[in-house]
Amino acid sequence: MTYYLAFCPGILDSDRRIIERMTDSASYRSQALKLLPHVCTRCAREFEGRRLRELTVHHKDGNHDNNPPDGSNWELLCIYCHENEHARFEDHKSGNSGSEPKSKNQENSGSDPMPAKHRPLEGLSELMKKKK
């Protein structure tokens with residue numbers, strides 16, 4: 001794909017980068033679907049067939065360019081949990097804790113909201129290794 005884009009004079013550099021990033025995301029998504037179980041790591045719903053399109057690849061460290069071949073920076077999230085994850089991150093950055101109003105103690109303490117700690121498939125890789 002990159003070879004073809006090099007000889008398209010009408011494509012701007014910014015457009016070329018967008019197209020390259022889209023093809024990269026398609027390749028790491030297919031790789032993640034081969035490596036990881038087709039289950040949302042937050043809500044634990046299983047996906048198969050046509051519903052696989054509802055699973056998205058979430059980068060644990062937030063860096064979309066960090067795509068190790070072993071998939072260690074990826075987790076599969078359904079579209080709803082993925083949206084929720086990014087919304088929580090944006091709320092955290094802006095100082096809001098979401099839809100819950102802050103109590104007087106929270107406003108004065110200056111403490112950040114605690115991130116979610118529930119990881120339903122956290123030990124799955126160890127269980128899969130033991131099963132083999």
# chains A, B, ... in the order shown; residues from 1 in each chain; ligands from 1
>>> residues_around(residues="A:Cys43", least_positions_apart="6", cutoff="9 Å", atoms="only C-alpha atoms", output="list in words")
Leu77, Cys78, Cys81, Arg119 and Pro120 of chain A
>>> write_last_selection(atoms="C-alpha atoms", output="PDB file, in the first residue's frame")
ATOM      1  CA  LEU A  77     -13.499  -4.195  23.888  1.00  0.00           C
ATOM      2  CA  CYS A  78     -17.035  -4.067  22.543  1.00  0.00           C
ATOM      3  CA  CYS A  81     -17.133  -0.506  26.617  1.00  0.00           C
ATOM      4  CA  ARG A 119     -10.794  -6.939  34.900  1.00  0.00           C
ATOM      5  CA  PRO A 120     -12.920 -10.040  34.224  1.00  0.00           C
TER       6      PRO A 120
END
>>> residues_around(residues="A:Glu83", least_positions_apart="4", cutoff="12 Å", atoms="only C-alpha atoms", output="NGL selection string")
:A and (42 or 54-58 or 77-79 or 87-90)
>>> write_last_selection(atoms="C-alpha atoms", output="compact mmCIF listing (two decimals), in the first residue's frame")
# COMPACT_ATOMS: atom_id res chain seq x y z
CA ARG A 42 -14.76 -5.38 30.34
CA GLU A 54 -18.62 -4.90 17.35
CA LEU A 55 -15.25 -5.77 18.92
CA THR A 56 -12.62 -3.05 18.79
CA VAL A 57 -8.94 -3.05 19.66
CA HIS A 58 -8.09 -0.84 22.63
CA LEU A 77 -13.50 -4.19 23.89
CA CYS A 78 -17.03 -4.07 22.54
CA ILE A 79 -17.96 -0.73 21.00
CA ALA A 87 -15.12 8.83 27.96
CA ARG A 88 -13.80 7.97 31.43
CA PHE A 89 -10.31 8.98 30.33
CA GLU A 90 -11.56 12.32 29.00
